[in-house]
Amino acid sequence: MDRWGITIPFFDETLTESKALIAELPALGYTDAWSAEVSGTDGFVPLALAAEWAPGLRLGSAIVPVSTRGPGLLAMSAATLADVAPGRFVLGIGASSPVIVERWNAGEFVKPYARTRDTLRFLRAALAGEKVTESYETFEVNGFRLERAPAVPPKIVLAALRPRMLHLAASEADGAITNWVSPQDVRKVRAELGPETELIARLFVVVSEDAGRVRDLARRMLAAYLTVPVYAAFHDWLGRGDVLRPMHEAWAAGDRQAAVKAIPDEVVDDLIVYGDAATCRARIREYVASGLDTPVLAPLPGGDVPVAQAVRDLAPGLG
């Protein structure tokens, strides 16, 4: 069965306000619910509640940063979710960004690839119930063992944008999560990842046929994300370096308004799914045809219908 995921909680609702719609998701045809962790809800509590509200869903974090929690705490949180939803929880981890790790969480964003690799290796051992005493490149653990290891260790997937992390996801993890991509970009990512490894991507969706309104909304989001160094490097690798250069130059000069305006229409149209609901569903199928295993929809407010209605209208069973 094709996977068809959704981001929880919904953008215009609190977690408790999202309960009824989350419970409705399996009947609508959604197979997955994925949380995020930036500056809203944390990555675990929405999944724990969804495990009870919608017991048919696969649940995943996309993603939990590896540098905002200690390794042992991360293992405990993952083990708790794996116990609540045995066989249905997927732990998504990633390097995150300097803003989230350092400015907002008083951590250190150093050696992001190595820290992600080391955390993956630690979690594999810890979630299998092993006692871990190990000096990794980026941290040391001495004598950690989960009090209760999960009966079914969760799969672990990595946030991966460029070849080195994609290769790590293919060789040592159970999947890769990417973000801000077009269907053509998916083909390039898939070529690096290989054919067998699950590829997951969050797709931002606006159910609206008003292209001007969608582009105005999306440009603000894109400027905030694509100026982050890891995403800037990702889109350089994808081939957008030249078209995004005016945005980066304006942003570096401190002119946020000019940076937003400098994002070309074609970049917005590449990276945002929009149109009426049928058009959006067809566009999502293009991603799947290009090699995406698990689309994770993120319906944005500001479209022609409320987010809750967009969630229903975008359900896979409708087209």
# chains A, B, ... in the order shown; residues from 1 in each chain; ligands from 1

call {"tool": "closest_atom_pairs", "arguments": {"of": "range 18-111 of chain A", "to": "range 134-142 of chain A", "cutoff": "12 Å", "atoms": "only C-alpha atoms", "output": "CSV"}}
result
residue,atom,partner,partner_atom,distance
A:Val66,CA,A:Thr138,CA,11.1
A:Ser67,CA,A:Thr138,CA,10.3
A:Gly70,CA,A:Phe139,CA,9.5
A:Pro71,CA,A:Val141,CA,8.1
A:Gly72,CA,A:Val141,CA,8.4
A:Leu73,CA,A:Val141,CA,11.9
A:Glu108,CA,A:Thr138,CA,10.8
A:Phe109,CA,A:Thr138,CA,10.8
A:Val110,CA,A:Thr138,CA,8.5
A:Lys111,CA,A:Thr138,CA,7.5

call {"tool": "write_last_selection", "arguments": {"atoms": "N, CA and C atoms", "output": "PDB file, in the first residue's frame"}}
result
ATOM      1  N   VAL A  66      19.774  15.871  17.252  1.00  0.00           N
ATOM      2  CA  VAL A  66      20.667  15.016  18.040  1.00  0.00           C
ATOM      3  C   VAL A  66      21.480  15.796  19.059  1.00  0.00           C
ATOM      4  N   SER A  67      21.434  17.134  19.008  1.00  0.00           N
ATOM      5  CA  SER A  67      22.273  17.930  19.902  1.00  0.00           C
ATOM      6  C   SER A  67      21.486  18.755  20.913  1.00  0.00           C
ATOM      7  N   GLY A  70      20.652  14.886  25.591  1.00  0.00           N
ATOM      8  CA  GLY A  70      21.752  13.945  25.756  1.00  0.00           C
ATOM      9  C   GLY A  70      21.394  12.612  25.119  1.00  0.00           C
ATOM     10  N   PRO A  71      22.395  11.816  24.771  1.00  0.00           N
ATOM     11  CA  PRO A  71      22.109  10.529  24.130  1.00  0.00           C
ATOM     12  C   PRO A  71      21.188   9.632  24.952  1.00  0.00           C
ATOM     13  N   GLY A  72      21.416   9.559  26.272  1.00  0.00           N
ATOM     14  CA  GLY A  72      20.595   8.697  27.105  1.00  0.00           C
ATOM     15  C   GLY A  72      19.146   9.148  27.146  1.00  0.00           C
ATOM     16  N   LEU A  73      18.910  10.454  27.259  1.00  0.00           N
ATOM     17  CA  LEU A  73      17.547  10.970  27.273  1.00  0.00           C
ATOM     18  C   LEU A  73      16.857  10.699  25.950  1.00  0.00           C
ATOM     19  N   GLU A 108      25.753  22.950  21.426  1.00  0.00           N
ATOM     20  CA  GLU A 108      26.864  23.198  20.509  1.00  0.00           C
ATOM     21  C   GLU A 108      26.599  22.484  19.193  1.00  0.00           C
ATOM     22  N   PHE A 109      26.599  23.258  18.123  1.00  0.00           N
ATOM     23  CA  PHE A 109      26.399  22.691  16.790  1.00  0.00           C
ATOM     24  C   PHE A 109      27.777  22.491  16.165  1.00  0.00           C
ATOM     25  N   VAL A 110      28.389  21.361  16.474  1.00  0.00           N
ATOM     26  CA  VAL A 110      29.723  21.056  15.963  1.00  0.00           C
ATOM     27  C   VAL A 110      29.713  19.655  15.354  1.00  0.00           C
ATOM     28  N   LYS A 111      30.466  19.509  14.271  1.00  0.00           N
ATOM     29  CA  LYS A 111      30.578  18.221  13.585  1.00  0.00           C
ATOM     30  C   LYS A 111      29.198  17.572  13.398  1.00  0.00           C
TER      31      LYS A 111
END

call {"tool": "closest_atom_pairs", "arguments": {"of": "range 89-182 of chain A", "to": "range 293-302 of chain A", "cutoff": "12 Å", "atoms": "only C-alpha atoms", "output": "Markdown table"}}
result
| residue | atom | partner | partner_atom | distance |
| --- | --- | --- | --- | --- |
| A:Gly175 | CA | A:Asp293 | CA | 9.9 |
| A:Ala176 | CA | A:Asp293 | CA | 10.2 |
| A:Ile177 | CA | A:Thr294 | CA | 9.2 |
| A:Thr178 | CA | A:Pro295 | CA | 10.1 |
| A:Asn179 | CA | A:Val296 | CA | 9.8 |
| A:Trp180 | CA | A:Ala298 | CA | 11.5 |
| A:Val181 | CA | A:Pro295 | CA | 11.2 |
| A:Ser182 | CA | A:Pro295 | CA | 11.8 |

call {"tool": "select_by_dssp", "arguments": {"residues": "range 14-100 of chain A", "states": "alpha helix (DSSP H)", "output": "JSON, numbers by chain"}}
result
{"A": [19, 20, 21, 22, 23, 24, 25, 26, 27, 28, 45, 46, 47, 48, 49, 50, 51, 52, 53, 71, 72, 73, 74, 75, 76, 77, 78, 79, 80, 81, 82, 83, 84, 98]}

call {"tool": "select_by_dssp", "arguments": {"residues": "range 68-124 of chain A", "states": "strand (DSSP E or B)", "output": "list in words"}}
result
Phe89, Val90, Leu91, Gly92, Ile93 and Gly94 of chain A

call {"tool": "closest_residue", "arguments": {"among": "A:Ala106, A:Ala223, A:Val230, A:Leu238", "to": "Ala262 in chain A", "atoms": "only C-alpha atoms"}}
result
A:Ala223

call {"tool": "atom_distance", "arguments": {"atom1": "CA of Leu314 in chain A", "atom2": "CA of Gly60 in chain A"}}
result
19.8 Å

call {"tool": "atom_distance", "arguments": {"atom1": "CA of Ala95 in chain A", "atom2": "CA of Trp251 in chain A"}}
result
23.1 Å

call {"tool": "atom_distance", "arguments": {"atom1": "CA of Glu266 in chain A", "atom2": "CA of Asp304 in chain A"}}
result
21.5 Å

call {"tool": "closest_atom_pairs", "arguments": {"of": "range 54-89 of chain A", "to": "range 159-172 of chain A", "cutoff": "12 Å", "atoms": "only C-alpha atoms", "output": "JSON lines"}}
result
{"residue": "A:Ser61", "atom": "CA", "partner": "A:Ala159", "partner_atom": "CA", "distance": 10.2}
{"residue": "A:Ala62", "atom": "CA", "partner": "A:Ala159", "partner_atom": "CA", "distance": 7.5}
{"residue": "A:Ile63", "atom": "CA", "partner": "A:Ala159", "partner_atom": "CA", "distance": 6.9}
{"residue": "A:Val64", "atom": "CA", "partner": "A:Ala159", "partner_atom": "CA", "distance": 9.2}
{"residue": "A:Pro65", "atom": "CA", "partner": "A:Ala159", "partner_atom": "CA", "distance": 9.3}
{"residue": "A:Val66", "atom": "CA", "partner": "A:Ala159", "partner_atom": "CA", "distance": 10.5}

call {"tool": "closest_residue", "arguments": {"among": "A:Arg103, A:Phe89, A:Ala126, A:Leu217", "to": "Val157 in chain A", "atoms": "only C-alpha atoms"}}
result
A:Phe89

call {"tool": "residues_around", "arguments": {"residues": "Glu52 in chain A", "least_positions_apart": "2", "cutoff": "9 Å", "atoms": "only C-alpha atoms", "output": "PyMOL selection string"}}
result
chain A and resi 23+47-50+54-55+84-85

call {"tool": "residues_around", "arguments": {"residues": "Met76 in chain A", "least_positions_apart": "5", "cutoff": "9 Å", "atoms": "only C-alpha atoms", "output": "JSON, numbers by chain"}}
result
{"A": [71, 81, 127, 146, 147, 148, 149]}

call {"tool": "write_last_selection", "arguments": {"atoms": "C-alpha atoms", "output": "PDB file, in the first residue's frame"}}
result
ATOM      1  CA  PRO A  71      22.109  10.529  24.130  1.00  0.00           C
ATOM      2  CA  LEU A  81       7.277   5.768  22.207  1.00  0.00           C
ATOM      3  CA  LEU A 127      17.440   0.482  22.018  1.00  0.00           C
ATOM      4  CA  LEU A 146      17.814   1.367  29.397  1.00  0.00           C
ATOM      5  CA  GLU A 147      15.838   0.235  32.403  1.00  0.00           C
ATOM      6  CA  ARG A 148      13.361  -1.306  29.993  1.00  0.00           C
ATOM      7  CA  ALA A 149      14.388  -1.744  26.363  1.00  0.00           C
TER       8      ALA A 149
END

call {"tool": "residues_around", "arguments": {"residues": "Pro306 in chain A", "least_positions_apart": "5", "cutoff": "12 Å", "atoms": "only C-alpha atoms", "output": "list in words"}}
result
Phe10, Phe11, Asp12, Glu13, Val206, Val207, Ser208, Pro299, Leu300, Pro301, Val311, Arg312 and Asp313 of chain A

call {"tool": "closest_residue", "arguments": {"among": "A:Leu203, A:Val307, A:Val38, A:Cys280", "to": "Asn105 in chain A", "atoms": "only C-alpha atoms"}}
result
A:Val38

call {"tool": "residues_around", "arguments": {"residues": "Gly239 in chain A", "least_positions_apart": "4", "cutoff": "12 Å", "atoms": "only C-alpha atoms", "output": "VMD selection string"}}
result
chain A and resid 181 to 182 184 to 185 188 232 to 235 243 to 245 267

call {"tool": "write_last_selection", "arguments": {"atoms": "C-alpha atoms", "output": "short mmCIF file (atom, residue, chain, number, x, y, z; two decimals), in the first residue's frame"}}
result
data_model
loop_
_atom_site.label_atom_id
_atom_site.label_comp_id
_atom_site.auth_asym_id
_atom_site.auth_seq_id
_atom_site.Cartn_x
_atom_site.Cartn_y
_atom_site.Cartn_z
CA VAL A 181 12.29 19.44 -2.78
CA SER A 182 10.61 19.19 -6.16
CA GLN A 184 12.92 16.36 -10.04
CA ASP A 185 14.98 16.89 -6.88
CA LYS A 188 18.62 13.26 -7.62
CA ALA A 232 21.64 26.81 1.11
CA ALA A 233 24.25 24.12 0.47
CA PHE A 234 21.52 21.60 -0.35
CA HIS A 235 19.99 23.82 -3.01
CA VAL A 243 18.73 31.61 -9.14
CA LEU A 244 18.90 31.93 -5.35
CA ARG A 245 22.03 34.10 -5.26
CA VAL A 267 11.41 28.25 -7.24
#

call {"tool": "residues_around", "arguments": {"residues": "Gly87 in chain A", "least_positions_apart": "6", "cutoff": "8 Å", "atoms": "only C-alpha atoms", "output": "ChimeraX atom specification"}}
result
/A:152-154

call {"tool": "write_last_selection", "arguments": {"atoms": "C-alpha atoms", "output": "PDB file, in the first residue's frame"}}
result
ATOM      1  CA  VAL A 152      10.310  -3.913  19.244  1.00  0.00           C
ATOM      2  CA  PRO A 153      13.170  -1.434  18.725  1.00  0.00           C
ATOM      3  CA  PRO A 154      12.031   1.423  16.500  1.00  0.00           C
TER       4      PRO A 154
END

call {"tool": "closest_residue", "arguments": {"among": "A:Pro316, A:Val260, A:Ser18, A:Asp255", "to": "Asp32 in chain A", "atoms": "only C-alpha atoms"}}
result
A:Pro316
